[in-house]
Each structure stands twice: as structure tokens, then as C-alpha cells.
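Novice: This is the content of start.tsv (TSV, C-alpha atoms):
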chain	number	residue	atom	x	y	z
A	1	LYS	CA	-0.39	-9.84	-2.73
A	2	VAL	CA	2.44	-8.84	-0.42
A	3	TYR	CA	3.35	-5.24	0.30
A	4	THR	CA	5.93	-3.43	2.40
A	5	GLY	CA	5.78	0.24	3.18
A	6	ARG	CA	5.45	3.02	5.69
A	7	PHE	CA	2.63	4.89	7.40
A	8	PHE	CA	3.05	8.46	8.59
A	9	LEU	CA	1.35	8.74	11.98
A	10	GLY	CA	-0.04	12.07	13.16
A	11	ALA	CA	-1.53	13.45	9.96
A	12	THR	CA	-4.09	12.69	7.27
A	13	THR	CA	-4.58	13.50	3.60
A	14	GLU	CA	-7.84	13.36	1.65
A	15	CYS	CA	-6.53	10.55	-0.57
A	16	TYR	CA	-4.85	8.60	2.29
A	17	ASP	CA	-1.37	8.92	0.71
A	18	THR	CA	1.12	11.60	-0.38
A	19	GLU	CA	-0.65	12.59	-3.61
A	20	LYS	CA	-2.53	15.35	-1.77
A	21	PRO	CA	-1.25	17.69	0.96
A	22	VAL	CA	-1.79	17.06	4.66
A	23	ASN	CA	-5.25	18.27	5.66
A	24	GLN	CA	-5.16	17.56	9.39
A	25	THR	CA	-2.46	16.97	12.02
A	26	PHE	CA	-2.60	15.21	15.39
A	27	ASP	CA	-0.49	14.99	18.53
A	28	ILE	CA	1.23	11.60	18.69
A	29	SER	CA	3.10	12.17	21.96
A	30	GLY	CA	0.74	9.87	23.89
A	31	ILE	CA	1.04	6.94	21.48
A	32	THR	CA	3.43	4.22	22.56
A	33	GLU	CA	5.10	1.40	20.68
A	34	LYS	CA	2.91	-0.98	22.70
A	35	ASP	CA	-0.25	0.85	21.50
A	36	ILE	CA	0.87	0.47	17.89
A	37	LEU	CA	1.76	-3.21	18.18
A	38	GLN	CA	-1.49	-4.07	19.99
A	39	ASN	CA	-3.47	-2.20	17.34
A	40	VAL	CA	-2.32	-4.47	14.53
A	41	ALA	CA	-4.40	-7.51	15.55
A	42	GLN	CA	-7.72	-5.90	14.56
A	43	PHE	CA	-6.46	-5.54	10.99
A	44	ARG	CA	-5.73	-9.25	10.51
A	45	GLY	CA	-8.19	-11.74	9.09
A	46	LEU	CA	-11.46	-10.84	7.41
A	47	ILE	CA	-11.92	-7.07	7.75
A	48	THR	CA	-14.33	-4.50	6.37
A	49	GLN	CA	-12.80	-1.48	4.68
A	50	THR	CA	-13.99	1.42	2.60
A	51	PRO	CA	-11.74	2.15	-0.37
A	52	PRO	CA	-10.56	5.75	-0.68
A	53	ALA	CA	-12.47	8.23	-2.83
A	54	HIS	CA	-9.27	8.56	-4.85
A	55	SER	CA	-9.45	5.00	-6.21
A	56	ALA	CA	-10.12	3.43	-9.60
A	57	ILE	CA	-13.43	1.92	-8.46
A	58	LYS	CA	-16.15	2.77	-10.96
A	59	ILE	CA	-19.18	4.80	-9.92
A	60	ASN	CA	-21.80	4.81	-12.67
A	61	GLY	CA	-19.03	3.99	-15.16
A	62	THR	CA	-16.61	6.72	-14.01
A	63	ALA	CA	-13.48	6.13	-11.92
A	64	ALA	CA	-14.00	7.47	-8.41
A	65	TYR	CA	-10.72	9.39	-8.45
A	66	LEU	CA	-11.88	11.42	-11.48
A	67	LEU	CA	-14.98	12.49	-9.57
A	68	ALA	CA	-12.99	13.18	-6.39
A	69	ARG	CA	-10.48	15.34	-8.26
A	70	LYS	CA	-13.37	17.44	-9.58
A	71	GLY	CA	-14.53	17.99	-6.00
A	72	LYS	CA	-17.60	15.82	-6.36
A	73	GLU	CA	-18.81	13.74	-3.44
A	74	VAL	CA	-17.85	10.10	-3.81
A	75	ASN	CA	-19.63	7.39	-1.86
A	76	ILE	CA	-17.95	4.02	-2.10
A	77	LYS	CA	-19.46	1.01	-0.38
A	78	SER	CA	-17.40	-0.83	2.19
A	79	ARG	CA	-16.19	-4.30	1.30
A	80	GLU	CA	-14.75	-7.33	3.01
A	81	VAL	CA	-11.13	-8.18	2.32
A	82	THR	CA	-8.70	-10.56	3.96
A	83	VAL	CA	-5.42	-9.57	5.56
A	84	TYR	CA	-3.48	-12.81	5.97
A	85	GLU	CA	-0.45	-11.21	7.61
A	86	PHE	CA	0.18	-7.74	8.99
A	87	ASP	CA	3.43	-7.10	10.81
A	88	ILE	CA	5.04	-3.92	12.03
A	89	THR	CA	8.67	-4.23	11.01
A	90	LYS	CA	9.99	-0.98	12.51
A	91	ILE	CA	8.70	1.97	14.50
A	92	ASP	CA	10.51	5.28	14.13
A	93	LEU	CA	7.76	7.75	14.96
A	94	PRO	CA	6.14	9.37	13.17
A	95	HIS	CA	6.97	6.53	10.73
A	96	ILE	CA	5.58	3.01	11.11
A	97	TYR	CA	7.04	0.41	8.75
A	98	PHE	CA	4.99	-2.66	7.84
A	99	ARG	CA	4.62	-5.83	5.80
A	100	ILE	CA	1.13	-6.94	4.70
A	101	LYS	CA	-0.04	-10.05	2.86
A	102	CYS	CA	-3.61	-9.56	1.67
A	103	SER	CA	-6.35	-10.55	-0.73
A	104	LYS	CA	-7.22	-8.93	-4.02
A	105	GLY	CA	-9.16	-5.69	-3.57
A	106	THR	CA	-7.40	-4.62	-0.37
A	107	TYR	CA	-6.50	-0.93	-0.24
A	108	ILE	CA	-3.35	-0.39	1.80
A	109	ARG	CA	-4.13	3.35	1.83
A	110	SER	CA	-7.39	2.56	3.60
A	111	ILE	CA	-5.56	0.37	6.11
A	112	ALA	CA	-3.21	3.30	6.81
A	113	ASN	CA	-6.12	5.68	7.35
A	114	ASP	CA	-8.07	3.19	9.48
A	115	PHE	CA	-4.95	2.37	11.50
A	116	GLY	CA	-4.60	6.03	12.46
A	117	LEU	CA	-8.30	6.27	13.34
A	118	SER	CA	-8.10	3.19	15.53
A	119	LEU	CA	-5.41	4.95	17.56
A	120	ASN	CA	-7.69	8.02	17.89
A	121	ASN	CA	-5.25	9.78	15.61
A	122	GLY	CA	-4.49	10.07	11.93
A	123	ALA	CA	-2.21	8.28	9.48
A	124	TYR	CA	-1.56	8.12	5.78
A	125	LEU	CA	0.45	5.88	3.48
A	126	SER	CA	3.83	7.48	2.83
A	127	SER	CA	5.58	4.62	1.03
A	128	LEU	CA	4.47	1.39	-0.66
A	129	ARG	CA	6.20	-1.41	-2.54
A	130	ARG	CA	4.52	-4.50	-3.96
A	131	GLU	CA	6.78	-7.41	-3.07
A	132	ALA	CA	4.74	-10.24	-4.58
A	133	ILE	CA	1.56	-11.06	-6.44
A	134	GLY	CA	0.53	-14.68	-6.75
A	135	GLU	CA	3.58	-16.76	-7.59
A	136	TYR	CA	5.60	-13.72	-8.75
A	137	SER	CA	7.99	-12.10	-6.30
A	138	VAL	CA	10.51	-9.28	-6.58
A	139	GLU	CA	13.01	-11.75	-5.11
A	140	ASP	CA	12.77	-13.67	-8.39
A	141	ALA	CA	12.85	-10.59	-10.63
A	142	TRP	CA	15.76	-9.93	-12.94
A	143	GLN	CA	17.97	-6.91	-12.52
A	144	ILE	CA	17.80	-4.63	-15.57
A	145	GLU	CA	21.41	-5.45	-16.51
A	146	ASP	CA	20.61	-9.19	-16.55
A	147	PHE	CA	17.52	-8.59	-18.67
A	148	ILE	CA	19.47	-6.53	-21.21
A	149	GLN	CA	22.15	-9.22	-21.38
A	150	HIS	CA	19.47	-11.90	-21.92
A	151	ILE	CA	17.86	-9.91	-24.74
A	152	GLN	CA	21.21	-9.35	-26.39
A	153	GLN	CA	22.07	-13.06	-26.18
A	154	GLU	CA	18.68	-14.02	-27.64
A	155	SER	CA	19.05	-11.50	-30.47
A	156	PHE	CA	22.67	-12.30	-31.21
A	157	PRO	CA	23.47	-15.84	-30.04
A	158	GLU	CA	27.21	-16.46	-29.72
A	159	ASP	CA	27.05	-19.76	-31.53
A	160	ALA	CA	25.00	-18.51	-34.48
A	161	SER	CA	26.76	-18.83	-37.79
A	162	LEU	CA	26.65	-15.80	-40.05
Would you mind writing the structure in this file as C-alpha cells?

Specialist:
Amino acid sequence: KVYTGRFFLGATTECYDTEKPVNQTFDISGITEKDILQNVAQFRGLITQTPPAHSAIKINGTAAYLLARKGKEVNIKSREVTVYEFDITKIDLPHIYFRIKCSKGTYIRSIANDFGLSLNNGAYLSSLRREAIGEYSVEDAWQIEDFIQHIQQESFPEDASL
């Protein structure tokens, strides 16, 4: 899977993204571009991460996010995932833009949260786009207009005799 997106540095949310309000803020004035770029290396390769409580992982048959939304404590075991590529594509603090190629089961929200922690700060995922999964890429996707035209041509071929 390949994702692009944006982290918001200097704050956290309980679900690691924008679904919930900010629950803690941090001073980012001491964090440099060099700090951010050097921090990326520890998130490449085989890493251990704990998925967020607000995830679809089942706990005794119930999705964790359903329990979390009811205010129940959710304990999810950490897991190993692989991050094949992780590049910072732009830094415009408090925003950090990225591109990640990773294995199945990787939670980008957890990477955002862990990235903030590793800078002795906080971060959450503020934007995410899946660019590819397996052999399928958005670069190969049809535009909606092309799809409609294709459907219309298949339904009403020009050379069909009435």
C-alpha cells in the first residue's frame, strides 16, 4: 500500500486523526527541519506499532472503535509491520507532508502519533490519501467522465443495429 498525507505536529487527538478534537497541545518552536528529517529513519523497515483504540480490530468479537466510542478501555496488542519507504515530501510547520509505502496492517494514524512522540511532542494524522494497493494505482484510475462515457458506449454501442 502507498499513502500520501499530512501530519499536524504540536497536538494530539485520542483517535490519532481529526475525527476527535485536540486533547493536548505542545510547543513546537524547538523542533527543526533537521530533527524531523532525522526522525524518519526509525520508522523504516520492520517496526512495532500499536494500532489506535479507534480501529476496526476486533476485541472479543467487537470492533475496538465501538468500545472506544462508548468510553470503554481498549487494549490492543502491538504488532510488527513493514514500512518499505517513508519520505517527508514537504515541511510547512505545523504540517509535515509525507509519502509511505507499507505492508498490510500498518496504521498510518499510529505512525503519526508515534512520530510526534519520538520528537518528544505530539502529532496526529490530518490528511490521508491511498495512492496504490497492490498493482492498482490512482495514476491508472479513470476519471468519472471517462467511466461514464465507457458505460454509455457499452450500453449503446455506436455500431449496433437497431

Novice: Identify, on the basis of only C-alpha atoms, every residue whose closest approach to Leu9 (chain A) does not exceed 8 Å; exclude the query and any residue fewer than 5 positions from it along the same chain; express the result as a list in words.

Specialist: Ile28, Leu93, Pro94, His95, Ile96, Gly116, Asn121, Gly122, Ala123 and Tyr124 of chain A

Novice: Pull C-alpha atoms from the residues just selected and write them as a PDB file, in the coordinates of the input.

Specialist:
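Wrote selection16.pdb, looks like this:
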ATOM      1  CA  ILE A  28       1.230  11.600  18.690  1.00  0.00           C
ATOM      2  CA  LEU A  93       7.760   7.750  14.960  1.00  0.00           C
ATOM      3  CA  PRO A  94       6.140   9.370  13.170  1.00  0.00           C
ATOM      4  CA  HIS A  95       6.970   6.530  10.730  1.00  0.00           C
ATOM      5  CA  ILE A  96       5.580   3.010  11.110  1.00  0.00           C
ATOM      6  CA  GLY A 116      -4.600   6.030  12.460  1.00  0.00           C
ATOM      7  CA  ASN A 121      -5.250   9.780  15.610  1.00  0.00           C
ATOM      8  CA  GLY A 122      -4.490  10.070  11.930  1.00  0.00           C
ATOM      9  CA  ALA A 123      -2.210   8.280   9.480  1.00  0.00           C
ATOM     10  CA  TYR A 124      -1.560   8.120   5.780  1.00  0.00           C
TER      11      TYR A 124
END

Novice: Lys77 (chain A): which residues within 10 Å, counting all atoms listed in the file, same-chain residues fewer than 5 positions away excluded, as a PyMOL selection string?

Specialist: chain A and resi 49-51

Novice: Report as a tab-separated table the residues of region 1-44 of chain A within 10 Å of region 81-88 of chain A, each with its shortest atom pair and distance in Å (one decimal), using only C-alpha atoms, ordered by chain and increasing residue number.

Specialist:
residue	atom	partner	partner_atom	distance
A:Lys1	CA	A:Tyr84	CA	9.7
A:Val2	CA	A:Glu85	CA	8.9
A:Tyr3	CA	A:Phe86	CA	9.6
A:Thr4	CA	A:Asp87	CA	9.5
A:Gly5	CA	A:Ile88	CA	9.8
A:Arg6	CA	A:Ile88	CA	9.4
A:Ile36	CA	A:Ile88	CA	8.4
A:Leu37	CA	A:Ile88	CA	7.0
A:Val40	CA	A:Phe86	CA	6.9
A:Ala41	CA	A:Phe86	CA	8.0
A:Gln42	CA	A:Phe86	CA	9.8
A:Phe43	CA	A:Val83	CA	6.8
A:Arg44	CA	A:Val83	CA	5.0

Novice: In terms of the shortest atom-to-atom distance over only C-alpha atoms, which of A:Lys34, A:Glu131, A:Gln153, A:His54 is closest to Lys72 (chain A)?

Specialist: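 Counting only C-alpha atoms, the residue closest to Lys72 (chain A) is A:His54.
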
Novice: What does the structure give for the distance between CA of Glu80 (chain A) and CA of Leu46 (chain A), in Å to one decimal?

Specialist: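 Pair CA of Glu80 (chain A) / CA of Leu46 (chain A) returns 6.5 Å.
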
Novice: Would you please work out which residue, of A:Cys102, A:Cys15, A:Leu119, A:Ile108, is nearest to Tyr65 (chain A) when using all atoms listed in the file?

Specialist: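 Selected residue with least distance to Tyr65 (chain A): A:Cys15.
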
Novice: Calculated over all atoms listed in the file, which of the candidates A:Ile57, A:Ile31, A:Leu125, A:Ile91 has the smallest distance to Thr13 (chain A)?

Specialist: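 Under the stated criterion, the closest residue is A:Leu125.
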
Novice: Taking 5 positions as the minimum chain separation for residues in the same chain, which residues sit within 9 Å of Ile59 (chain A) when counting only C-alpha atoms? Answer as number ranges by chain.

Specialist: A: 64, 67, 74-76

Novice: Can you work out the spacing between CA of Glu19 (chain A) and CA of Lys104 (chain A) in Å, to one decimal?

Specialist: 22.5 Å

Novice: In Å, rounded to a single decimal, give me how far CA of Ser127 (chain A) is from CA of Asn23 (chain A).

Specialist: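 Result for CA of Asn23 (chain A) versus CA of Ser127 (chain A): 18.0 Å, one decimal.
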
Novice: Counting only C-alpha atoms, which residue out of A:Ser55, A:Gln143, A:Thr48, A:Asn60 sits closest to Arg109 (chain A)?

Specialist: A:Ser55

Novice: Between A:Ser155, A:Gln24, A:Ser78, A:Thr62, which one has atoms that come closest to Gly105 (chain A), using only C-alpha atoms?

Specialist: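 For Gly105 (chain A), the nearest of the candidates is A:Ser78.
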
Novice: Could you check the closest approach to Ile133 (chain A) for each of A:Gln152, A:Ile111, A:Lys101, A:Thr32 and tell me which residue wins, using all atoms listed in the file?

Specialist: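 Ranked by minimum distance to Ile133 (chain A), first place goes to A:Lys101.
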
Novice: If I only want region 116-132 of chain A, can you write it with all heavy atoms, as a compact mmCIF listing (two decimals), in the first residue's frame?

Specialist:
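Result file decode37.txt:
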# COMPACT_ATOMS: atom_id res chain seq x y z
N GLY A 116 5.20 11.94 16.46
CA GLY A 116 5.17 13.05 17.40
C GLY A 116 5.86 12.69 18.71
O GLY A 116 6.67 13.46 19.24
N LEU A 117 5.56 11.51 19.24
CA LEU A 117 6.18 11.05 20.49
C LEU A 117 7.69 10.97 20.37
O LEU A 117 8.42 11.33 21.30
CB LEU A 117 5.63 9.68 20.89
CG LEU A 117 4.19 9.64 21.40
CD1 LEU A 117 3.72 8.20 21.56
CD2 LEU A 117 4.07 10.40 22.72
N SER A 118 8.17 10.50 19.22
CA SER A 118 9.61 10.35 19.05
C SER A 118 10.34 11.69 18.98
O SER A 118 11.55 11.75 19.14
CB SER A 118 9.92 9.51 17.81
OG SER A 118 9.53 10.20 16.64
N LEU A 119 9.59 12.75 18.77
CA LEU A 119 10.15 14.11 18.80
C LEU A 119 9.89 14.77 20.16
O LEU A 119 10.07 15.98 20.30
CB LEU A 119 9.53 14.97 17.69
CG LEU A 119 9.94 14.64 16.26
CD1 LEU A 119 9.04 15.34 15.27
CD2 LEU A 119 11.40 15.02 16.03
N ASN A 120 9.48 13.96 21.15
CA ASN A 120 9.09 14.48 22.47
C ASN A 120 8.02 15.55 22.32
O ASN A 120 8.07 16.61 22.94
CB ASN A 120 10.30 15.02 23.23
CG ASN A 120 11.26 13.92 23.57
OD1 ASN A 120 10.87 12.85 24.01
ND2 ASN A 120 12.54 14.17 23.32
N ASN A 121 7.04 15.25 21.48
CA ASN A 121 5.99 16.18 21.15
C ASN A 121 4.73 15.39 20.87
O ASN A 121 4.58 14.29 21.38
CB ASN A 121 6.43 17.01 19.91
CG ASN A 121 5.84 18.39 19.90
OD1 ASN A 121 4.69 18.56 19.52
ND2 ASN A 121 6.62 19.38 20.30
N GLY A 122 3.84 15.94 20.09
CA GLY A 122 2.63 15.25 19.70
C GLY A 122 2.34 15.48 18.24
O GLY A 122 2.78 16.47 17.66
N ALA A 123 1.64 14.54 17.62
CA ALA A 123 1.23 14.70 16.22
C ALA A 123 0.02 13.83 15.97
O ALA A 123 -0.19 12.83 16.66
CB ALA A 123 2.36 14.31 15.28
N TYR A 124 -0.78 14.24 15.01
CA TYR A 124 -1.90 13.42 14.57
C TYR A 124 -2.01 13.51 13.06
O TYR A 124 -1.45 14.41 12.42
CB TYR A 124 -3.22 13.82 15.26
CG TYR A 124 -3.72 15.22 14.96
CD1 TYR A 124 -4.51 15.48 13.85
CD2 TYR A 124 -3.41 16.27 15.82
CE1 TYR A 124 -4.99 16.75 13.59
CE2 TYR A 124 -3.88 17.55 15.57
CZ TYR A 124 -4.67 17.79 14.46
OH TYR A 124 -5.13 19.06 14.20
N LEU A 125 -2.71 12.55 12.48
CA LEU A 125 -2.91 12.48 11.04
C LEU A 125 -4.00 13.47 10.65
O LEU A 125 -5.14 13.35 11.11
CB LEU A 125 -3.30 11.06 10.65
CG LEU A 125 -3.45 10.77 9.16
CD1 LEU A 125 -2.11 10.92 8.44
CD2 LEU A 125 -4.00 9.37 8.96
N SER A 126 -3.66 14.44 9.81
CA SER A 126 -4.65 15.44 9.42
C SER A 126 -5.14 15.27 7.99
O SER A 126 -6.14 15.88 7.61
CB SER A 126 -4.09 16.85 9.64
OG SER A 126 -2.90 17.04 8.91
N SER A 127 -4.46 14.42 7.21
CA SER A 127 -4.89 14.17 5.84
C SER A 127 -4.27 12.86 5.38
O SER A 127 -3.12 12.56 5.71
CB SER A 127 -4.40 15.32 4.94
OG SER A 127 -4.67 15.05 3.58
N LEU A 128 -5.05 12.07 4.61
CA LEU A 128 -4.54 10.79 4.12
C LEU A 128 -5.20 10.46 2.79
O LEU A 128 -6.41 10.62 2.62
CB LEU A 128 -4.82 9.67 5.12
CG LEU A 128 -4.25 8.30 4.76
CD1 LEU A 128 -2.73 8.31 4.81
CD2 LEU A 128 -4.79 7.23 5.69
N ARG A 129 -4.37 9.98 1.87
CA ARG A 129 -4.87 9.51 0.57
C ARG A 129 -4.15 8.22 0.22
O ARG A 129 -2.92 8.17 0.24
CB ARG A 129 -4.61 10.55 -0.51
CG ARG A 129 -5.03 10.07 -1.89
CD ARG A 129 -4.78 11.09 -2.96
NE ARG A 129 -5.04 10.49 -4.25
CZ ARG A 129 -5.20 11.16 -5.36
NH1 ARG A 129 -5.13 12.47 -5.34
NH2 ARG A 129 -5.41 10.54 -6.49
N ARG A 130 -4.92 7.18 -0.10
CA ARG A 130 -4.31 5.94 -0.57
C ARG A 130 -4.00 6.12 -2.05
O ARG A 130 -4.90 6.36 -2.85
CB ARG A 130 -5.23 4.75 -0.36
CG ARG A 130 -4.55 3.44 -0.79
CD ARG A 130 -5.43 2.25 -0.62
NE ARG A 130 -5.64 1.98 0.79
CZ ARG A 130 -6.51 1.08 1.25
NH1 ARG A 130 -7.25 0.39 0.41
NH2 ARG A 130 -6.63 0.87 2.54
N GLU A 131 -2.74 5.98 -2.39
CA GLU A 131 -2.29 6.17 -3.76
C GLU A 131 -2.25 4.86 -4.54
O GLU A 131 -2.42 4.86 -5.75
CB GLU A 131 -0.89 6.81 -3.79
CG GLU A 131 -0.81 8.17 -3.14
CD GLU A 131 -1.42 9.28 -3.98
OE1 GLU A 131 -1.57 9.10 -5.20
OE2 GLU A 131 -1.76 10.33 -3.41
N ALA A 132 -2.00 3.76 -3.83
CA ALA A 132 -1.90 2.46 -4.50
C ALA A 132 -2.13 1.34 -3.50
O ALA A 132 -1.85 1.48 -2.31
CB ALA A 132 -0.53 2.30 -5.15
